[in-house]
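Asker: Got a file for you: final_20.cif, mmCIF, C-alpha atoms.
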data_run
loop_
_atom_site.group_PDB
_atom_site.id
_atom_site.type_symbol
_atom_site.label_atom_id
_atom_site.label_comp_id
_atom_site.auth_asym_id
_atom_site.auth_seq_id
_atom_site.Cartn_x
_atom_site.Cartn_y
_atom_site.Cartn_z
ATOM 1 C CA MET A 6 30.033 4.532 0.055
ATOM 2 C CA LYS A 7 33.688 3.988 -0.683
ATOM 3 C CA ALA A 8 35.024 0.921 -2.464
ATOM 4 C CA THR A 9 37.102 -0.064 0.577
ATOM 5 C CA GLU A 10 33.954 -0.125 2.696
ATOM 6 C CA LEU A 11 32.260 -2.347 0.130
ATOM 7 C CA ARG A 12 35.175 -4.768 0.073
ATOM 8 C CA GLU A 13 34.924 -5.208 3.852
ATOM 9 C CA MET A 14 31.284 -6.310 3.593
ATOM 10 C CA ASN A 15 30.262 -9.954 3.147
ATOM 11 C CA GLN A 16 28.021 -11.256 0.373
ATOM 12 C CA VAL A 17 24.785 -11.084 2.386
ATOM 13 C CA GLU A 18 25.393 -7.443 3.301
ATOM 14 C CA LEU A 19 26.315 -6.631 -0.294
ATOM 15 C CA ASN A 20 23.139 -8.227 -1.640
ATOM 16 C CA ALA A 21 21.049 -6.268 0.869
ATOM 17 C CA LYS A 22 22.814 -3.035 -0.085
ATOM 18 C CA LEU A 23 22.312 -3.822 -3.787
ATOM 19 C CA ILE A 24 18.561 -4.289 -3.329
ATOM 20 C CA GLU A 25 18.386 -1.094 -1.294
ATOM 21 C CA ASN A 26 20.212 0.877 -3.999
ATOM 22 C CA LEU A 27 18.084 -0.563 -6.809
ATOM 23 C CA ASP A 28 14.934 0.538 -4.961
ATOM 24 C CA ALA A 29 16.448 3.968 -4.340
ATOM 25 C CA LEU A 30 17.347 4.286 -8.034
ATOM 26 C CA GLN A 31 13.801 3.451 -9.050
ATOM 27 C CA ASN A 32 12.425 6.084 -6.664
ATOM 28 C CA LEU A 33 14.904 8.660 -7.966
ATOM 29 C CA LYS A 34 13.833 7.980 -11.541
ATOM 30 C CA PHE A 35 10.183 8.467 -10.565
ATOM 31 C CA GLN A 36 11.074 11.746 -8.883
ATOM 32 C CA GLN A 37 12.939 12.862 -11.983
ATOM 33 C CA ALA A 38 9.992 11.995 -14.200
ATOM 34 C CA LEU A 39 7.706 14.051 -11.966
ATOM 35 C CA GLN A 40 10.280 16.856 -11.861
ATOM 36 C CA GLN A 41 10.559 16.621 -8.079
ATOM 37 C CA LEU A 42 14.222 15.643 -8.013
ATOM 38 C CA GLU A 43 16.350 18.401 -6.505
ATOM 39 C CA ASP A 44 19.827 17.001 -7.154
ATOM 40 C CA GLY A 45 20.221 15.193 -10.475
ATOM 41 C CA THR A 46 23.653 13.845 -9.560
ATOM 42 C CA THR A 47 22.166 11.421 -7.040
ATOM 43 C CA ILE A 48 21.050 9.158 -9.893
ATOM 44 C CA SER A 49 24.568 8.844 -11.292
ATOM 45 C CA LYS A 50 26.032 8.362 -7.805
ATOM 46 C CA THR A 51 23.548 5.580 -7.091
ATOM 47 C CA LYS A 52 24.316 3.910 -10.430
ATOM 48 C CA LYS A 53 28.026 4.067 -9.662
ATOM 49 C CA GLU A 54 27.528 2.471 -6.260
ATOM 50 C CA ILE A 55 25.389 -0.291 -7.794
ATOM 51 C CA ALA A 56 28.184 -1.016 -10.278
ATOM 52 C CA GLN A 57 30.763 -1.151 -7.480
ATOM 53 C CA ILE A 58 28.617 -3.581 -5.485
ATOM 54 C CA LYS A 59 28.088 -5.789 -8.531
ATOM 55 C CA THR A 60 31.844 -5.789 -9.171
ATOM 56 C CA VAL A 61 32.635 -6.979 -5.648
ATOM 57 C CA LEU A 62 29.896 -9.640 -5.834
ATOM 58 C CA ASN A 63 31.343 -10.833 -9.152
ATOM 59 C CA GLU A 64 34.792 -11.069 -7.537
ATOM 60 C CA TYR A 65 33.286 -13.382 -4.912
ATOM 61 C CA LYS A 66 31.633 -15.447 -7.645
ATOM 62 C CA LEU A 67 34.858 -15.816 -9.642
ATOM 63 C CA GLY A 68 36.879 -16.676 -6.558
ATOM 64 C CA ILE A 69 39.059 -13.583 -6.767
ATOM 65 C CA ARG A 70 37.778 -12.473 -3.395
ATOM 66 C CA VAL A 71 37.383 -15.042 -0.627
ATOM 67 C CA ALA A 72 34.844 -14.526 2.126
ATOM 68 C CA GLN A 73 36.308 -13.937 5.560
ATOM 69 C CA GLY A 74 36.719 -17.228 7.404
ATOM 70 C CA GLU A 75 37.092 -19.202 4.168
ATOM 71 C CA LYS A 76 40.844 -18.983 3.711
ATOM 72 C CA GLU A 77 42.275 -21.551 1.313
#
Would you mind writing the structure in this file as structure tokens?
Answerer:
Amino acid sequence: MKATELREMNQVELNAKLIENLDALQNLKFQQALQQLEDGTTISKTKKEIAQIKTVLNEYKLGIRVAQGEKE
């Protein structure tokens, strides 16, 4: 998912996506441990997306990004 797509999402959607990615990362790590993982780059891609989501959520928390409909 691209960063622009993440920035268009609201906080509820971002939290749901974060939980989904954390579960996916855990499953990927299990697959890697069992040597069933076909593409090892999916772990790093998932980690990168988790970091991007956390960055956008932190921007909301710090007030850098304002939720749509909450203009100052």
Asker: List the spatial neighbours of Asn15 in chain A as JSON, numbers by chain - criterion: any atom at most 12 Å away, all atoms listed in the file, same-chain residues fewer than 5 positions off excluded.
Answerer: {"A": [10, 20, 21, 22, 58, 61, 62, 64, 65, 70, 71, 72, 73, 74, 75]}
Asker: Export, as a PDB file, keeping the file's coordinate frame, the selected residues with C-alpha atoms.
Answerer:
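So result_34.pdb came out as:
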ATOM      1  CA  GLU A  10      33.954  -0.125   2.696  1.00  0.00           C
ATOM      2  CA  ASN A  20      23.139  -8.227  -1.640  1.00  0.00           C
ATOM      3  CA  ALA A  21      21.049  -6.268   0.869  1.00  0.00           C
ATOM      4  CA  LYS A  22      22.814  -3.035  -0.085  1.00  0.00           C
ATOM      5  CA  ILE A  58      28.617  -3.581  -5.485  1.00  0.00           C
ATOM      6  CA  VAL A  61      32.635  -6.979  -5.648  1.00  0.00           C
ATOM      7  CA  LEU A  62      29.896  -9.640  -5.834  1.00  0.00           C
ATOM      8  CA  GLU A  64      34.792 -11.069  -7.537  1.00  0.00           C
ATOM      9  CA  TYR A  65      33.286 -13.382  -4.912  1.00  0.00           C
ATOM     10  CA  ARG A  70      37.778 -12.473  -3.395  1.00  0.00           C
ATOM     11  CA  VAL A  71      37.383 -15.042  -0.627  1.00  0.00           C
ATOM     12  CA  ALA A  72      34.844 -14.526   2.126  1.00  0.00           C
ATOM     13  CA  GLN A  73      36.308 -13.937   5.560  1.00  0.00           C
ATOM     14  CA  GLY A  74      36.719 -17.228   7.404  1.00  0.00           C
ATOM     15  CA  GLU A  75      37.092 -19.202   4.168  1.00  0.00           C
TER      16      GLU A  75
END
Asker: Please compute the CA of Glu54 in chain A-CA of Met6 in chain A distance, one decimal, in Å.
Answerer: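 These two atoms are separated by 7.1 Å.
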Asker: Which residues are near range 48-53 of chain A? Cut-off 7 Å, only C-alpha atoms, ignore same chain within fewer than 6 positions. Put them as number ranges by chain.
Answerer: A: 26, 30, 33
Asker: Rounded to one decimal place, report the CA of Thr60 in chain A-CA of Leu23 in chain A distance in Å.
Answerer: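 Atom-to-atom, CA of Thr60 in chain A to CA of Leu23 in chain A, that is 11.1 Å.
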Asker: Please give the centre and size of the box around range 25-36 of chain A (axis-aligned, containing every atom listed in the file, 5 Å added per side), with values in Å to one decimal and written as AutoDock Vina command-line options.
Answerer:
--center_x 15.2 --center_y 5.3 --center_z -6.4 --size_x 20.0 --size_y 22.8 --size_z 20.2
Asker: If you measure from CA of Leu11 in chain A to CA of Asn63 in chain A, what distance in Å do you get, rounded to one decimal?
Answerer: 12.6 Å
Asker: Counting all atoms listed in the file, which residue out of A:Asn32, A:Thr46, A:Gln16, A:Gln41 sits closest to Lys59 in chain A?
Answerer: A:Gln16
